[in-house]
Structures are given as C-alpha cells and as structure tokens.
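Asks: Before I ask anything, here is the structure I am working with.
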Amino acid sequence: MQINNSRYASDEFPAYTPEVAVKTQSIFDRLRGVLPDIEWPVHAPYVAAINELKSELNAVILAHNYQTPEIFHGVADITGDSLALAQQAARTDADVIVLCGVHFMAETAKLLSPEKTVLIPDSQAGCSLASSITPDDVRLLRQRYPGVPVVTYVNTSAGVKAESDICCTSANAVEVVESLGVARVIFLPDEFLGRYVAGQTKVEVILWKGHCEVHERFTAEDVRHYKQQFHDIEVLAHPECPPDVLAEVDFVGSTAGMIKHLNDSSSRRVVMITECSMSDNVAVEFPKIEFIRPCNLCPHMKRITLPKILRSLQTMEHKIEIDPSIAEKARRAVERMVAIGRRD
Ligand code: 13P
Ligand code: SF4
C-alpha cells in the first residue's frame, strides 16, 4: 500500500508548530529529565505525525526496551523484551505492525502474524548473535550430535529457527530447555546465555560461540567498580553478559525481568548492565530510583529513528517477507516457545 500524503512528504522536515507543541505536551512532560529539553522541537513534529498516521493506517508500533526514549515513550503502543514483543505480535488486531527493534524481532512478528504487513524502519538493523550462525551450521551440528534437540535463542534468522526444535528468549531459556525432558541439548547461538542456563539446570548444554557485541564488553571489574563507588547500589545484568560479570551481580534477567524486579525492589540506586537506552526508558517509570547509566550502545537498535519510522508508515517499507517453506518450520519452533511463556 502506497500512502500519498503530501503533509508527510519524506524530503520535508516537519515543523514544530504551536499545534504540535500542544498535541505532544503530555509526552514531553513524561520525558523531562531523560531527554534534553532542547531536543524536543526536533522530535515532537515526528512524534505527532507518526501518531496521526498510525491511527489512519490501523498500525501498531512495537518497540523493544533498547529503543531510544522518544520512540519508546513517544510513539510505541507496545513495549517490552523479545518475548513480550513476540507474544503481542501474535495477539494484535492491527493491519500493520511496525517493529522498532532489530531484524530478527520483525521476522518473529511476521512468523506469528503471517497475514499482517510487518515493517521494519531500517532493514539493516541486524544483531551480532543472529549473524554468528547459519542454517548450514545447525545442520552440521545435528549430524555431529544425532538425536540431540536444538534450542535456539530468538536472536537468529528465520532460516536458523527453521532448523531448530524450539526457540527461547532470555526470559524463558531454562524453562524451554527443561521442557524437552532430555539429558542434553544443543543451545544456539549465545555462549554466555547458554552457560548461564547450564548453571541453572541439570541438563547438559552444548554451546556455540556466538556473543552479543554489546554485553560481551562488560567486565567483572566494571561491576566491582560500581559496588566500590556506591555501597548501596543494586546491580542488575542481562544473561548475555560474560559469566564472570553475572557471578558478581545481584540479579540476572531479561530486560523485562529487570523491570519486574525493580517493581518488587526497595533499592534506591541501581545500575543495569545492559544496553544504554534501557536505563533512560525505565527511569521515566521509576522516578524515585537513581540510575547509574553505563553506556554500551547497540548500533543495530540505534538504526531505528523517528524519521525512519515515519517514512516506513508513508511508504510501507521495509516489508518482512519469509520464504513459506522456511516460515512454516520456523513458526513451529517459535510457537512451541510462546506456548511455554515466561519465567521472570
Ligand atoms: P531481551 O529483551 O529479550 O532480554 O533481549 C535482549 C536483547 O539483546 C535483544 O536484542
Ligand atoms: Fe543483538 Fe546484542 Fe544488539 Fe541485542 S543488544 S540486538 S543481542 S547485538
């Protein structure tokens, strides 16, 4: 579907008019303290235009917790971790899903909502884990370990999912591994998440050496530094971090797991060892907590911007298409995971 709407011509920079200021005031109020005030006149016209076009098109915007605050709080209808986005993609009755995250997330949404138009605002938004493994690699592993089931992190291509028995996210990896009722699994492709899972279960876990380029950069020394500098600090970390980092922190969980943990925690000072937009987004919801903000940025997540989201809605680009023979097998692996749900 091509939208021909001159108000939103892509080469036109939308203006910060008094009307836009009024329409976006409540969003701006929420973002005070997270976004510098001086940035708002740049973001606000896009926020207003996206929200208007979104309802004209019956589109829904799903945004991962690592999206920037002006996207997360400004235009997203549904936010969450990889598992929540997959679950919501399966439930929505919108005609169009715009996935503000990375490519594997948009593919997962398409697998679960094949009849809907699923768009990603930048088709180059990849992931170092997804690019660490190919379908051929999985076939070779199956030959090497005959009969051993393959559990695949959702941070993979549809082609890799299609070669797998079941998917998992960081929110349910242990449950998924144990659901198979076997003594041994092949766990792909995140070595560190796999090691974390191995420490939580009696099931033997055969690992692959894929890493997240954001989380692998954190060190145990970083954690010790925060704890020495702030004696009352609570340290939360994502399980994609190296094992020596996880050994020193107070809580390990998916991005949504960390938010849930904060809801139940009495901590007044927190550091989240994960991608940097996470603390900005969460700080809006927890004004009483002081967040110390390490900044390891995911360059793939940051390819998604407000102008690209607007353009995506105007042009219906970039559409996610998956070869039906791959999609059918990949969907089975994702649906098996969704049926298990979440742990944290
Ligand atoms: P979750 O949000 O599922 O914890 O995943 C983190 C991540 O790195 C996604 O790219
Ligand atoms: Fe991939 Fe890591 Fe970026 Fe998530 S944060 S998209 S796992 S590279």
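The way I read the labels, and the way they are meant: chains A, B, ... in the order of the structure tokens, residue 1 as the first residue of every chain, and ligand 1 as the first ligand shown, with later ones counted on from there.
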Env of Val60 of chain A: 7 Å cut, atoms = only C-alpha atoms, seq-sep filter 3 positions within chain, self excluded. Answer as a PyMOL selection string.
Replies: chain A and resi 54+77+94+96-98
Asks: Can you tell me which residues surround Thr108 of chain A at a distance of at most 12 Å, considering only C-alpha atoms, apart from same-chain residues fewer than 5 positions away, and format the answer as a PDB file with N, CA and C atoms, in the first residue's frame?
Replies:
ATOM      1  N   SER A  82      12.077  -9.299  24.109  1.00  0.00           N
ATOM      2  CA  SER A  82      11.852 -10.064  22.879  1.00  0.00           C
ATOM      3  C   SER A  82      10.619 -10.964  23.000  1.00  0.00           C
ATOM      4  N   LEU A  83      10.447 -11.569  24.186  1.00  0.00           N
ATOM      5  CA  LEU A  83       9.311 -12.487  24.349  1.00  0.00           C
ATOM      6  C   LEU A  83       7.989 -11.724  24.324  1.00  0.00           C
ATOM      7  N   ALA A  84       7.921 -10.610  25.037  1.00  0.00           N
ATOM      8  CA  ALA A  84       6.672  -9.823  25.065  1.00  0.00           C
ATOM      9  C   ALA A  84       6.322  -9.342  23.661  1.00  0.00           C
ATOM     10  N   LEU A  85       7.309  -8.909  22.898  1.00  0.00           N
ATOM     11  CA  LEU A  85       7.013  -8.412  21.545  1.00  0.00           C
ATOM     12  C   LEU A  85       6.484  -9.552  20.683  1.00  0.00           C
ATOM     13  N   ALA A  86       7.060 -10.747  20.836  1.00  0.00           N
ATOM     14  CA  ALA A  86       6.575 -11.902  20.065  1.00  0.00           C
ATOM     15  C   ALA A  86       5.132 -12.231  20.468  1.00  0.00           C
ATOM     16  N   GLN A  87       4.877 -12.230  21.776  1.00  0.00           N
ATOM     17  CA  GLN A  87       3.518 -12.563  22.250  1.00  0.00           C
ATOM     18  C   GLN A  87       2.508 -11.538  21.751  1.00  0.00           C
ATOM     19  N   GLN A  88       2.866 -10.268  21.812  1.00  0.00           N
ATOM     20  CA  GLN A  88       1.935  -9.211  21.406  1.00  0.00           C
ATOM     21  C   GLN A  88       1.717  -9.210  19.895  1.00  0.00           C
ATOM     22  N   ALA A  89       2.760  -9.536  19.151  1.00  0.00           N
ATOM     23  CA  ALA A  89       2.615  -9.600  17.692  1.00  0.00           C
ATOM     24  C   ALA A  89       1.582 -10.659  17.320  1.00  0.00           C
ATOM     25  N   ALA A  90       1.530 -11.724  18.101  1.00  0.00           N
ATOM     26  CA  ALA A  90       0.578 -12.804  17.812  1.00  0.00           C
ATOM     27  C   ALA A  90      -0.849 -12.383  18.162  1.00  0.00           C
ATOM     28  N   ILE A  97       2.046  -3.914  11.452  1.00  0.00           N
ATOM     29  CA  ILE A  97       2.919  -3.885  12.642  1.00  0.00           C
ATOM     30  C   ILE A  97       4.218  -3.214  12.224  1.00  0.00           C
ATOM     31  N   LEU A  99       7.832  -2.759  13.588  1.00  0.00           N
ATOM     32  CA  LEU A  99       8.670  -3.286  14.651  1.00  0.00           C
ATOM     33  C   LEU A  99       9.890  -2.400  14.827  1.00  0.00           C
ATOM     34  N   GLY A 101      12.954  -2.296  16.500  1.00  0.00           N
ATOM     35  CA  GLY A 101      13.889  -3.204  17.150  1.00  0.00           C
ATOM     36  C   GLY A 101      14.812  -3.682  16.056  1.00  0.00           C
ATOM     37  N   VAL A 102      15.244  -4.935  16.123  1.00  0.00           N
ATOM     38  CA  VAL A 102      16.158  -5.427  15.084  1.00  0.00           C
ATOM     39  C   VAL A 102      15.457  -6.479  14.212  1.00  0.00           C
ATOM     40  N   HIS A 103      16.167  -6.867  13.140  1.00  0.00           N
ATOM     41  CA  HIS A 103      15.515  -7.642  12.080  1.00  0.00           C
ATOM     42  C   HIS A 103      14.905  -8.951  12.577  1.00  0.00           C
ATOM     43  N   SER A 113       2.348 -13.509  12.872  1.00  0.00           N
ATOM     44  CA  SER A 113       1.213 -12.790  12.263  1.00  0.00           C
ATOM     45  C   SER A 113       1.404 -12.768  10.749  1.00  0.00           C
ATOM     46  N   PRO A 114       1.380 -13.944  10.111  1.00  0.00           N
ATOM     47  CA  PRO A 114       1.754 -14.011   8.688  1.00  0.00           C
ATOM     48  C   PRO A 114       0.827 -13.215   7.774  1.00  0.00           C
ATOM     49  N   VAL A 118       4.155  -6.558   8.115  1.00  0.00           N
ATOM     50  CA  VAL A 118       5.129  -6.276   9.184  1.00  0.00           C
ATOM     51  C   VAL A 118       6.270  -5.465   8.576  1.00  0.00           C
ATOM     52  N   LEU A 119       6.513  -4.310   9.170  1.00  0.00           N
ATOM     53  CA  LEU A 119       7.536  -3.390   8.641  1.00  0.00           C
ATOM     54  C   LEU A 119       8.654  -3.213   9.646  1.00  0.00           C
ATOM     55  N   ILE A 120       9.875  -3.052   9.121  1.00  0.00           N
ATOM     56  CA  ILE A 120      10.994  -2.610   9.969  1.00  0.00           C
ATOM     57  C   ILE A 120      11.518  -1.318   9.346  1.00  0.00           C
ATOM     58  N   TYR A 153      18.021 -19.513  20.527  1.00  0.00           N
ATOM     59  CA  TYR A 153      17.659 -18.171  21.018  1.00  0.00           C
ATOM     60  C   TYR A 153      16.928 -17.448  19.877  1.00  0.00           C
ATOM     61  N   VAL A 154      15.921 -16.630  20.207  1.00  0.00           N
ATOM     62  CA  VAL A 154      15.192 -15.919  19.133  1.00  0.00           C
ATOM     63  C   VAL A 154      16.088 -14.964  18.345  1.00  0.00           C
ATOM     64  N   ASN A 155      17.253 -14.623  18.919  1.00  0.00           N
ATOM     65  CA  ASN A 155      18.178 -13.707  18.218  1.00  0.00           C
ATOM     66  C   ASN A 155      18.877 -14.444  17.071  1.00  0.00           C
ATOM     67  N   THR A 156      18.091 -14.952  16.126  1.00  0.00           N
ATOM     68  CA  THR A 156      18.603 -15.712  14.977  1.00  0.00           C
ATOM     69  C   THR A 156      17.693 -15.447  13.780  1.00  0.00           C
ATOM     70  N   SER A 157      18.182 -15.813  12.589  1.00  0.00           N
ATOM     71  CA  SER A 157      17.359 -15.649  11.378  1.00  0.00           C
ATOM     72  C   SER A 157      16.253 -16.704  11.356  1.00  0.00           C
ATOM     73  N   ALA A 158      15.244 -16.456  10.518  1.00  0.00           N
ATOM     74  CA  ALA A 158      14.165 -17.441  10.354  1.00  0.00           C
ATOM     75  C   ALA A 158      14.739 -18.756   9.825  1.00  0.00           C
ATOM     76  N   GLY A 159      15.778 -18.676   8.972  1.00  0.00           N
ATOM     77  CA  GLY A 159      16.401 -19.887   8.423  1.00  0.00           C
ATOM     78  C   GLY A 159      16.995 -20.760   9.520  1.00  0.00           C
ATOM     79  N   VAL A 160      17.634 -20.150  10.510  1.00  0.00           N
ATOM     80  CA  VAL A 160      18.205 -20.906  11.633  1.00  0.00           C
ATOM     81  C   VAL A 160      17.073 -21.455  12.507  1.00  0.00           C
ATOM     82  N   LYS A 161      16.050 -20.648  12.731  1.00  0.00           N
ATOM     83  CA  LYS A 161      14.915 -21.130  13.541  1.00  0.00           C
ATOM     84  C   LYS A 161      14.288 -22.364  12.886  1.00  0.00           C
ATOM     85  N   ALA A 162      14.220 -22.341  11.545  1.00  0.00           N
ATOM     86  CA  ALA A 162      13.584 -23.441  10.820  1.00  0.00           C
ATOM     87  C   ALA A 162      14.326 -24.765  11.029  1.00  0.00           C
ATOM     88  N   CYS A 167      12.450 -22.487  20.066  1.00  0.00           N
ATOM     89  CA  CYS A 167      13.165 -21.239  20.353  1.00  0.00           C
ATOM     90  C   CYS A 167      13.065 -20.930  21.849  1.00  0.00           C
ATOM     91  N   CYS A 168      13.859 -19.959  22.269  1.00  0.00           N
ATOM     92  CA  CYS A 168      13.731 -19.443  23.634  1.00  0.00           C
ATOM     93  C   CYS A 168      14.139 -17.976  23.609  1.00  0.00           C
ATOM     94  N   THR A 169      13.827 -17.257  24.675  1.00  0.00           N
ATOM     95  CA  THR A 169      14.376 -15.911  24.869  1.00  0.00           C
ATOM     96  C   THR A 169      15.117 -15.951  26.203  1.00  0.00           C
ATOM     97  N   ILE A 320       8.641  -7.222   5.747  1.00  0.00           N
ATOM     98  CA  ILE A 320       9.295  -8.506   6.052  1.00  0.00           C
ATOM     99  C   ILE A 320       8.582  -9.591   5.253  1.00  0.00           C
ATOM    100  N   GLU A 321       9.342 -10.317   4.459  1.00  0.00           N
ATOM    101  CA  GLU A 321       8.802 -11.459   3.708  1.00  0.00           C
ATOM    102  C   GLU A 321       9.674 -12.668   4.048  1.00  0.00           C
ATOM    103  N   ILE A 322       9.044 -13.802   4.291  1.00  0.00           N
ATOM    104  CA  ILE A 322       9.821 -15.017   4.611  1.00  0.00           C
ATOM    105  C   ILE A 322       9.369 -16.130   3.685  1.00  0.00           C
ATOM    106  N   ALA A 327       9.286 -20.417   6.607  1.00  0.00           N
ATOM    107  CA  ALA A 327       8.387 -19.828   7.614  1.00  0.00           C
ATOM    108  C   ALA A 327       7.614 -20.902   8.381  1.00  0.00           C
ATOM    109  N   GLU A 328       7.153 -21.916   7.659  1.00  0.00           N
ATOM    110  CA  GLU A 328       6.327 -22.931   8.321  1.00  0.00           C
ATOM    111  C   GLU A 328       7.112 -23.644   9.434  1.00  0.00           C
ATOM    112  N   ALA A 330       9.992 -22.540  10.873  1.00  0.00           N
ATOM    113  CA  ALA A 330      10.446 -21.578  11.889  1.00  0.00           C
ATOM    114  C   ALA A 330       9.290 -21.239  12.840  1.00  0.00           C
ATOM    115  N   ARG A 331       8.082 -21.108  12.268  1.00  0.00           N
ATOM    116  CA  ARG A 331       6.903 -20.765  13.092  1.00  0.00           C
ATOM    117  C   ARG A 331       6.669 -21.826  14.156  1.00  0.00           C
ATOM    118  N   ARG A 332       6.844 -23.078  13.764  1.00  0.00           N
ATOM    119  CA  ARG A 332       6.632 -24.170  14.717  1.00  0.00           C
ATOM    120  C   ARG A 332       7.554 -23.999  15.935  1.00  0.00           C
ATOM    121  N   ALA A 333       8.829 -23.676  15.669  1.00  0.00           N
ATOM    122  CA  ALA A 333       9.798 -23.521  16.774  1.00  0.00           C
ATOM    123  C   ALA A 333       9.434 -22.331  17.667  1.00  0.00           C
ATOM    124  N   VAL A 334       8.944 -21.249  17.043  1.00  0.00           N
ATOM    125  CA  VAL A 334       8.585 -20.061  17.840  1.00  0.00           C
ATOM    126  C   VAL A 334       7.287 -20.329  18.618  1.00  0.00           C
ATOM    127  N   GLU A 335       6.319 -20.958  17.955  1.00  0.00           N
ATOM    128  CA  GLU A 335       5.036 -21.217  18.637  1.00  0.00           C
ATOM    129  C   GLU A 335       5.207 -22.167  19.822  1.00  0.00           C
ATOM    130  N   MET A 337       7.733 -22.229  21.713  1.00  0.00           N
ATOM    131  CA  MET A 337       8.261 -21.386  22.794  1.00  0.00           C
ATOM    132  C   MET A 337       7.151 -20.524  23.410  1.00  0.00           C
ATOM    133  N   VAL A 338       6.347 -19.887  22.560  1.00  0.00           N
ATOM    134  CA  VAL A 338       5.301 -18.977  23.062  1.00  0.00           C
ATOM    135  C   VAL A 338       4.341 -19.753  23.972  1.00  0.00           C
TER     136      VAL A 338
END
Asks: For segment 257-271 of chain A, find every residue with an atom within 6 Å (counting only C-alpha atoms), except residues of its own chain fewer than 6 positions away, and show them as a ChimeraX atom specification.
Replies: /A:233-235,289-292,344
Asks: Could you list, as a PyMOL selection string, all residues that come within 10 Å of ligand 2? Count only C-alpha atoms and all ligand atoms.
Replies: chain A and resi 64+66+82+101-105+125-131+153-156+190+210-216+238+240-241+274-276+296-302
Asks: Let me make sure I understand: among A:Lys319, A:Arg336, A:Lys23, A:Lys116, which one has the smallest atom-to-atom distance to Thr92 of chain A if we use only C-alpha atoms?
Replies: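 Smallest separation from Thr92 of chain A among the options: A:Lys116.
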Asks: Just asking: which residues within segment 52-205 of chain A are alpha helix (DSSP H) according to DSSP, as a PyMOL selection string?
Replies: chain A and resi 52-56+69-72+82-91+103-112+135-144+158-162+173-179+191-198
Asks: So which residues touch Val245 of chain A within 8 Å, counting only C-alpha atoms, skipping near sequence neighbours fewer than 5 positions away, as a PyMOL selection string?
Replies: chain A and resi 218-220+223
Asks: Please dump the current selection as a short mmCIF file (atom, residue, chain, number, x, y, z; two decimals), in the first residue's frame; keep all heavy atoms.
Replies:
data_model
loop_
_atom_site.label_atom_id
_atom_site.label_comp_id
_atom_site.auth_asym_id
_atom_site.auth_seq_id
_atom_site.Cartn_x
_atom_site.Cartn_y
_atom_site.Cartn_z
N PHE A 218 31.08 -5.81 28.77
CA PHE A 218 31.10 -5.55 30.22
C PHE A 218 32.06 -6.51 30.91
O PHE A 218 32.21 -7.67 30.50
CB PHE A 218 29.69 -5.74 30.81
CG PHE A 218 28.72 -4.67 30.38
CD1 PHE A 218 27.73 -4.94 29.45
CD2 PHE A 218 28.80 -3.38 30.92
CE1 PHE A 218 26.83 -3.95 29.05
CE2 PHE A 218 27.90 -2.39 30.53
CZ PHE A 218 26.92 -2.68 29.60
N THR A 219 32.71 -6.03 31.99
CA THR A 219 33.66 -6.87 32.71
C THR A 219 33.29 -6.94 34.19
O THR A 219 32.57 -6.07 34.71
CB THR A 219 35.09 -6.28 32.62
OG1 THR A 219 35.09 -5.01 33.31
CG2 THR A 219 35.54 -6.09 31.18
N ALA A 220 33.84 -7.97 34.86
CA ALA A 220 33.62 -8.10 36.31
C ALA A 220 34.21 -6.89 37.03
O ALA A 220 33.69 -6.45 38.06
CB ALA A 220 34.25 -9.39 36.81
N VAL A 223 31.71 -4.18 37.37
CA VAL A 223 30.74 -4.41 38.46
C VAL A 223 31.37 -4.05 39.80
O VAL A 223 30.77 -3.35 40.63
CB VAL A 223 30.26 -5.90 38.48
CG1 VAL A 223 29.30 -6.14 39.63
CG2 VAL A 223 29.61 -6.26 37.15
#
Asks: Do you know which residues are at most 9 Å from Gln67 of chain A counting only C-alpha atoms, after dropping those on the same chain fewer than 4 positions away, and could you put them as an MDAnalysis selection string?
Replies: chainID A and resid 63 71:72 100:101 277:278 281 301:302 304:305
Asks: Of the candidates A:Leu310, A:Val182, A:Ala171, A:Ala283, which shows the shortest atom-to-atom distance to ligand 1, using only C-alpha atoms and all ligand atoms?
Replies: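 Distance minimum relative to ligand 1 lands on A:Ala171.
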Asks: Compile the contact shell of Arg184 of chain A as number ranges by chain: residues with an atom at most 10 Å away, counting only C-alpha atoms, same-chain residues fewer than 5 positions apart removed.
Replies: A: 145, 147-150, 177-178, 202-206
Asks: Write the residues of the preceding selection, restricted to C-alpha atoms, as a PDB file, in the first residue's frame.
Replies:
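out.pdb was written with the following content:
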ATOM      1  CA  TYR A 145      25.104 -34.830  17.737  1.00  0.00           C
ATOM      2  CA  GLY A 147      19.125 -37.042  18.177  1.00  0.00           C
ATOM      3  CA  VAL A 148      20.097 -34.124  20.446  1.00  0.00           C
ATOM      4  CA  PRO A 149      17.380 -31.423  20.286  1.00  0.00           C
ATOM      5  CA  VAL A 150      18.299 -27.899  19.202  1.00  0.00           C
ATOM      6  CA  VAL A 177      15.495 -26.419  27.962  1.00  0.00           C
ATOM      7  CA  GLU A 178      13.819 -28.334  30.796  1.00  0.00           C
ATOM      8  CA  LYS A 202      20.940 -30.436  35.330  1.00  0.00           C
ATOM      9  CA  VAL A 203      20.515 -30.699  31.552  1.00  0.00           C
ATOM     10  CA  GLU A 204      23.870 -30.810  29.719  1.00  0.00           C
ATOM     11  CA  VAL A 205      24.162 -27.841  27.361  1.00  0.00           C
ATOM     12  CA  ILE A 206      26.239 -27.996  24.168  1.00  0.00           C
TER      13      ILE A 206
END
Asks: Nearest to ligand 1: which of A:Asp232, A:Ala48, A:Ala173, A:Thr201 is it, counting only C-alpha atoms and all ligand atoms?
Replies: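 Selected residue with least distance to ligand 1: A:Ala173.
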Asks: Mind listing the strand (DSSP E or B) residues of segment 97-321 of chain A, per DSSP on the backbone, as a PyMOL selection string?
Replies: chain A and resi 97-100+117-119+150-153+166-168+184-188+190+204-207+210+234-237+251-252+269-273+275+290-292+296+319
